[in-house]
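Each remark here refers to the structure printed beneath this line.
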Amino acid sequence: MKKEKIVYLDNNATTKVALEVAREMKPFFTDLYGNPSSMHYFGGKVQKYSDIARSKVANLLGAKPEEIIFTSCGTESDSTAIFSAIKINPQKKHIITTSVEHPGVLNVCRYLESSKGYKITYLKVDTEGRISLDELKNAINEHTAIISIMWANNETGVVFPVEEAAKIAKSRNVLFHTDAVQAAGKIPIDLKNSKIDMLSISGHKIHAPKGIGVLYVRKGIMFSPFLLGGHQEKGRRAGTENVPYIVGLGRAAELAEKNLKKENSYVKKLRDKLEQGVLKTIENVRINGGRAERLPNTSNISFEYVEGESILMFLSEKGICASSGSACTSGSLDPSHVLLSMRVPLTFAHGSIRFSFSVYNTEEDVDFVLKELPAIIKKLRVISPFSDAKSPSG
Ligand SMILES: *Cc1c(COP(=O)(O)O)cnc(C)c1O
């Protein structure tokens, strides 16, 4: 494969596998390929490494190793959490979530709503993308089986007060799940001192490979598995363990925990430099969720009167990878459900780009975007049928 220069600013879609992670995984494909469930020495040795990885993931989350279940992805973790809650509460037919969840939660709720007779409360967000805890309090009733609220939004980076929300859930005796796929490794998570019952993370958002995830399940809560079969993961997730990926995720979690503070101030500096540069050189832009508490690595910027897809195409020609909304909803021409929920005006919402950083980005990456982007926006505004109605700019 020819190696081209790319400026990769789509780290909320997926991240590069860290070299240390890939290195640590390798022997588990070629030498240590035993099945951890086997009774013999070879299997036991593999089991030992998977237990070490479990402890490392637990460490990142402030959890106990036995509270960690390895799954195939963040999406499986989300499904498992919600289906567990409704299976152990078969008489409760109400779920509370938000209108801006990842499809991994949103589409499970929509399915239960349209096909299984569930009533779903989708908490609204304000124009900065924030939820209201009062709205949450008012939505809970005696039929509520579970509350699922993401920790941080994948499109805008807006962080939700999930610790507070979990306390409210606990005080009303309702299970609380959070999709922390974007929060893990980016902001501190400490489940020891929290009321969160279940939490999802995904390997490929924290420099481990695609196809491995975790569901944290608080010790002592009732749980019903999603996959049925063998006794793996203490009977909570059947299927032979993906040991190489588990080992990789363990290493990634360890790196994330060790470097969290340092990396976050680093990516925040890059992100803020990009936003300040854009605001200075391009007119009619808005930073979505810019006044809310946000992840340090995420920037969602709307450019009025241009199509996000066109911006992406021109950026891509220059080797710059970004995203319009989420990877999971792109391909459709509708503006993102997140930006629509925030009531971003349509002339802006259509021209929204998400830039998401990782520790592998550099100042030169930002400089390169700031050099190329103003001309791209200017060019697109010249051909936009709407832009000359108002001040053409950029
Ligand atoms: C990426 C993502 C997921 C899905 O994780 P997969 O491992 O790709 O299934 C779920 N929730 C959020 C917030 C995400 O960003």
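Naming scheme: A, B, ... for chains in displayed order of the structure tokens; residues 1 onward per chain; ligands 1 onward as shown.
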**Message:** At a cut-off of 12 Å, using only C-alpha atoms, what residues contact Val100 in chain A? Leave out same-chain residues fewer than 4 positions from it and give the result as a PyMOL selection string.
**Reply:** chain A and resi 104-107+122-126+129-131+148-160+179+325-326+336-343
**Message:** Would you pick out the contacts of range 51-66 of chain A at 10 Å or less, using only C-alpha atoms, so that residues sharing its chain but fewer than 4 positions from it are not included, and give the list as JSON, numbers by chain?
**Reply:** {"A": [46, 47, 70, 184, 185, 188, 189, 190, 191, 192, 193, 194, 199, 201, 214, 216, 217, 218, 219, 233, 234, 243, 245, 246, 247, 248, 249, 250, 251, 252, 253, 254, 255, 256, 257, 258, 260]}
**Message:** Give me the residues near range 262-267 of chain A as a ChimeraX atom specification, where near means some atom within 7 Å (using only C-alpha atoms) and where sequence neighbours in that chain fewer than 5 positions away do not count.
**Reply:** /A:186,296-297,357-359
File dump, residues just selected, N, CA, C and O atoms, as an mmCIF file, in the first residue's frame:
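Full text of result-v4.cif as output:
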data_model
loop_
_atom_site.group_PDB
_atom_site.id
_atom_site.type_symbol
_atom_site.label_atom_id
_atom_site.label_comp_id
_atom_site.auth_asym_id
_atom_site.auth_seq_id
_atom_site.Cartn_x
_atom_site.Cartn_y
_atom_site.Cartn_z
ATOM 1 N N LYS A 186 -10.912 9.909 27.814
ATOM 2 C CA LYS A 186 -10.846 11.342 27.510
ATOM 3 C C LYS A 186 -11.127 12.187 28.735
ATOM 4 O O LYS A 186 -10.596 13.288 28.872
ATOM 5 N N PRO A 296 -12.414 17.298 25.486
ATOM 6 C CA PRO A 296 -11.324 18.172 25.031
ATOM 7 C C PRO A 296 -10.953 17.980 23.560
ATOM 8 O O PRO A 296 -10.280 18.826 22.982
ATOM 9 N N ASN A 297 -11.396 16.882 22.950
ATOM 10 C CA ASN A 297 -10.866 16.559 21.609
ATOM 11 C C ASN A 297 -11.837 16.848 20.470
ATOM 12 O O ASN A 297 -11.499 16.632 19.325
ATOM 13 N N PHE A 357 -9.872 15.048 17.543
ATOM 14 C CA PHE A 357 -8.421 14.901 17.656
ATOM 15 C C PHE A 357 -8.030 13.678 18.487
ATOM 16 O O PHE A 357 -8.824 13.170 19.274
ATOM 17 N N SER A 358 -6.792 13.265 18.320
ATOM 18 C CA SER A 358 -6.196 12.299 19.233
ATOM 19 C C SER A 358 -4.778 12.759 19.515
ATOM 20 O O SER A 358 -4.291 13.741 18.945
ATOM 21 N N VAL A 359 -4.114 12.013 20.366
ATOM 22 C CA VAL A 359 -2.762 12.379 20.767
ATOM 23 C C VAL A 359 -1.790 12.260 19.594
ATOM 24 O O VAL A 359 -0.676 12.798 19.644
#
**Request:** Could you tell me, as a PyMOL selection string, which residues of range 81-288 of chain A DSSP assigns to alpha helix (DSSP H) when given the backbone?
**Result:** chain A and resi 81-88+103-115+133-139+162-171+232-235+243-281
**Message:** Please find the residues contacting ligand 1 at a distance of at most 7 Å between atoms, with only C-alpha atoms and all ligand atoms counted, and report them as a list in words.
**Reply:**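 These are the residues that qualify: Asn12, Ala13, Cys73, Gly74, Thr75, Glu76, His102, Gly104, Met150, Ala152, Asn153, Asn154, Asp179, Ala180, Val181, Gln182, Ser202, Gly203, His204, Lys205, Lys210, Gly211, Ile212 and Gly213 of chain A.
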**Asked** If we count only C-alpha atoms, what is near Pro244 in chain A at a cut-off of 7 Å, once residues fewer than 5 positions away on the same chain are taken out, given as a PyMOL selection string?
**Response** chain A and resi 25+28-29
Can you write out the residues you just picked, keeping N, CA and C atoms, as a PDB file, in the first residue's frame?
ATOM      1  N   MET A  25      -0.529  -7.514  21.297  1.00  0.00           N
ATOM      2  CA  MET A  25      -1.527  -8.483  20.820  1.00  0.00           C
ATOM      3  C   MET A  25      -0.907  -9.629  20.029  1.00  0.00           C
ATOM      4  N   PHE A  28      -0.587 -13.413  20.732  1.00  0.00           N
ATOM      5  CA  PHE A  28      -1.837 -14.135  21.006  1.00  0.00           C
ATOM      6  C   PHE A  28      -2.501 -14.649  19.721  1.00  0.00           C
ATOM      7  N   PHE A  29      -1.970 -14.245  18.578  1.00  0.00           N
ATOM      8  CA  PHE A  29      -2.434 -14.852  17.318  1.00  0.00           C
ATOM      9  C   PHE A  29      -1.583 -16.079  16.976  1.00  0.00           C
TER      10      PHE A  29
END
**Request:** Give me the residues within 7 Å of Ile301 in chain A as a PyMOL selection string, counting only C-alpha atoms and dropping any in the same chain fewer than 5 places off.
**Result:** chain A and resi 285-288+352-354
Can you list, as a PDB file with all heavy atoms, in the first residue's frame, every protein, DNA or RNA residue that comes within 10 Å of Asp272 in chain A when you count only C-alpha atoms, leaving out same-chain residues fewer than 2 positions away?
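Ended up saving to around.pdb:
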ATOM      1  N   VAL A 267      -4.572  17.600  23.475  1.00  0.00           N
ATOM      2  CA  VAL A 267      -5.561  17.647  22.378  1.00  0.00           C
ATOM      3  C   VAL A 267      -6.459  18.878  22.511  1.00  0.00           C
ATOM      4  O   VAL A 267      -6.893  19.445  21.510  1.00  0.00           O
ATOM      5  CB  VAL A 267      -6.428  16.368  22.268  1.00  0.00           C
ATOM      6  CG1 VAL A 267      -5.596  15.177  21.867  1.00  0.00           C
ATOM      7  CG2 VAL A 267      -7.218  16.087  23.508  1.00  0.00           C
ATOM      8  N   LYS A 268      -6.700  19.310  23.743  1.00  0.00           N
ATOM      9  CA  LYS A 268      -7.542  20.500  23.934  1.00  0.00           C
ATOM     10  C   LYS A 268      -6.868  21.727  23.322  1.00  0.00           C
ATOM     11  O   LYS A 268      -7.525  22.570  22.703  1.00  0.00           O
ATOM     12  CB  LYS A 268      -7.813  20.732  25.420  1.00  0.00           C
ATOM     13  CG  LYS A 268      -8.721  21.919  25.690  1.00  0.00           C
ATOM     14  CD  LYS A 268      -9.155  21.975  27.148  1.00  0.00           C
ATOM     15  CE  LYS A 268     -10.178  23.067  27.394  1.00  0.00           C
ATOM     16  NZ  LYS A 268      -9.717  24.405  27.009  1.00  0.00           N
ATOM     17  N   LYS A 269      -5.554  21.799  23.484  1.00  0.00           N
ATOM     18  CA  LYS A 269      -4.807  22.923  22.919  1.00  0.00           C
ATOM     19  C   LYS A 269      -4.956  22.939  21.389  1.00  0.00           C
ATOM     20  O   LYS A 269      -5.179  23.985  20.782  1.00  0.00           O
ATOM     21  CB  LYS A 269      -3.331  22.810  23.322  1.00  0.00           C
ATOM     22  CG  LYS A 269      -2.657  24.142  23.537  1.00  0.00           C
ATOM     23  CD  LYS A 269      -1.237  23.954  24.050  1.00  0.00           C
ATOM     24  CE  LYS A 269      -0.319  23.542  22.934  1.00  0.00           C
ATOM     25  NZ  LYS A 269       0.899  22.842  23.326  1.00  0.00           N
ATOM     26  N   LEU A 270      -4.845  21.766  20.780  1.00  0.00           N
ATOM     27  CA  LEU A 270      -4.991  21.674  19.322  1.00  0.00           C
ATOM     28  C   LEU A 270      -6.406  22.054  18.901  1.00  0.00           C
ATOM     29  O   LEU A 270      -6.620  22.811  17.953  1.00  0.00           O
ATOM     30  CB  LEU A 270      -4.675  20.254  18.848  1.00  0.00           C
ATOM     31  CG  LEU A 270      -3.261  19.725  19.087  1.00  0.00           C
ATOM     32  CD1 LEU A 270      -3.139  18.309  18.526  1.00  0.00           C
ATOM     33  CD2 LEU A 270      -2.220  20.635  18.453  1.00  0.00           C
ATOM     34  N   LEU A 274      -7.643  25.264  16.600  1.00  0.00           N
ATOM     35  CA  LEU A 274      -8.433  25.131  15.376  1.00  0.00           C
ATOM     36  C   LEU A 274      -9.660  26.053  15.435  1.00  0.00           C
ATOM     37  O   LEU A 274      -9.948  26.789  14.490  1.00  0.00           O
ATOM     38  CB  LEU A 274      -8.877  23.683  15.175  1.00  0.00           C
ATOM     39  CG  LEU A 274      -9.818  23.479  13.981  1.00  0.00           C
ATOM     40  CD1 LEU A 274      -9.040  23.537  12.665  1.00  0.00           C
ATOM     41  CD2 LEU A 274     -10.585  22.172  14.059  1.00  0.00           C
ATOM     42  N   GLU A 275     -10.376  26.004  16.560  1.00  0.00           N
ATOM     43  CA  GLU A 275     -11.608  26.796  16.655  1.00  0.00           C
ATOM     44  C   GLU A 275     -11.318  28.291  16.588  1.00  0.00           C
ATOM     45  O   GLU A 275     -12.007  29.040  15.871  1.00  0.00           O
ATOM     46  CB  GLU A 275     -12.358  26.443  17.950  1.00  0.00           C
ATOM     47  CG  GLU A 275     -12.943  25.032  17.887  1.00  0.00           C
ATOM     48  CD  GLU A 275     -13.832  24.692  19.077  1.00  0.00           C
ATOM     49  OE1 GLU A 275     -13.821  25.433  20.078  1.00  0.00           O
ATOM     50  OE2 GLU A 275     -14.543  23.667  18.984  1.00  0.00           O
ATOM     51  N   GLN A 276     -10.291  28.719  17.303  1.00  0.00           N
ATOM     52  CA  GLN A 276      -9.968  30.148  17.264  1.00  0.00           C
ATOM     53  C   GLN A 276      -9.564  30.573  15.861  1.00  0.00           C
ATOM     54  O   GLN A 276      -9.975  31.632  15.383  1.00  0.00           O
ATOM     55  CB  GLN A 276      -8.858  30.462  18.271  1.00  0.00           C
ATOM     56  CG  GLN A 276      -9.413  30.607  19.687  1.00  0.00           C
ATOM     57  CD  GLN A 276      -8.416  30.171  20.764  1.00  0.00           C
ATOM     58  OE1 GLN A 276      -7.198  30.167  20.525  1.00  0.00           O
ATOM     59  NE2 GLN A 276      -8.924  29.800  21.928  1.00  0.00           N
ATOM     60  N   GLY A 277      -8.794  29.728  15.192  1.00  0.00           N
ATOM     61  CA  GLY A 277      -8.367  30.036  13.828  1.00  0.00           C
ATOM     62  C   GLY A 277      -9.546  30.121  12.874  1.00  0.00           C
ATOM     63  O   GLY A 277      -9.615  31.022  12.034  1.00  0.00           O
ATOM     64  N   VAL A 278     -10.485  29.205  13.006  1.00  0.00           N
ATOM     65  CA  VAL A 278     -11.659  29.202  12.124  1.00  0.00           C
ATOM     66  C   VAL A 278     -12.499  30.451  12.375  1.00  0.00           C
ATOM     67  O   VAL A 278     -12.916  31.146  11.435  1.00  0.00           O
ATOM     68  CB  VAL A 278     -12.497  27.916  12.334  1.00  0.00           C
ATOM     69  CG1 VAL A 278     -13.884  28.067  11.721  1.00  0.00           C
ATOM     70  CG2 VAL A 278     -11.788  26.715  11.729  1.00  0.00           C
ATOM     71  N   PRO A 296     -12.414  17.298  25.486  1.00  0.00           N
ATOM     72  CA  PRO A 296     -11.324  18.172  25.031  1.00  0.00           C
ATOM     73  C   PRO A 296     -10.953  17.980  23.560  1.00  0.00           C
ATOM     74  O   PRO A 296     -10.280  18.826  22.982  1.00  0.00           O
ATOM     75  CB  PRO A 296     -10.149  17.764  25.934  1.00  0.00           C
ATOM     76  CG  PRO A 296     -10.475  16.400  26.422  1.00  0.00           C
ATOM     77  CD  PRO A 296     -11.968  16.314  26.488  1.00  0.00           C
ATOM     78  N   ASN A 297     -11.396  16.882  22.950  1.00  0.00           N
ATOM     79  CA  ASN A 297     -10.866  16.559  21.609  1.00  0.00           C
ATOM     80  C   ASN A 297     -11.837  16.848  20.470  1.00  0.00           C
ATOM     81  O   ASN A 297     -11.499  16.632  19.325  1.00  0.00           O
ATOM     82  CB  ASN A 297     -10.503  15.067  21.542  1.00  0.00           C
ATOM     83  CG  ASN A 297     -11.722  14.209  21.259  1.00  0.00           C
ATOM     84  OD1 ASN A 297     -12.776  14.409  21.873  1.00  0.00           O
ATOM     85  ND2 ASN A 297     -11.614  13.293  20.325  1.00  0.00           N
ATOM     86  N   THR A 298     -13.064  17.270  20.800  1.00  0.00           N
ATOM     87  CA  THR A 298     -14.111  17.310  19.772  1.00  0.00           C
ATOM     88  C   THR A 298     -14.525  18.731  19.432  1.00  0.00           C
ATOM     89  O   THR A 298     -14.741  19.544  20.330  1.00  0.00           O
ATOM     90  CB  THR A 298     -15.359  16.539  20.263  1.00  0.00           C
ATOM     91  OG1 THR A 298     -14.960  15.252  20.709  1.00  0.00           O
ATOM     92  CG2 THR A 298     -16.388  16.399  19.140  1.00  0.00           C
ATOM     93  N   SER A 299     -14.655  18.994  18.136  1.00  0.00           N
ATOM     94  CA  SER A 299     -15.148  20.281  17.687  1.00  0.00           C
ATOM     95  C   SER A 299     -16.171  20.057  16.584  1.00  0.00           C
ATOM     96  O   SER A 299     -15.886  19.378  15.604  1.00  0.00           O
ATOM     97  CB  SER A 299     -13.989  21.119  17.149  1.00  0.00           C
ATOM     98  OG  SER A 299     -14.473  22.382  16.770  1.00  0.00           O
ATOM     99  N   VAL A 366      -3.183  21.151  12.501  1.00  0.00           N
ATOM    100  CA  VAL A 366      -4.116  22.271  12.660  1.00  0.00           C
ATOM    101  C   VAL A 366      -3.756  23.390  11.683  1.00  0.00           C
ATOM    102  O   VAL A 366      -4.628  23.954  11.015  1.00  0.00           O
ATOM    103  CB  VAL A 366      -4.100  22.796  14.114  1.00  0.00           C
ATOM    104  CG1 VAL A 366      -5.021  23.999  14.251  1.00  0.00           C
ATOM    105  CG2 VAL A 366      -4.505  21.688  15.081  1.00  0.00           C
TER     106      VAL A 366
END
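Picture a line from CA of Ser72 in chain A to CA of Val17 in chain A; it runs 16.3 Å.
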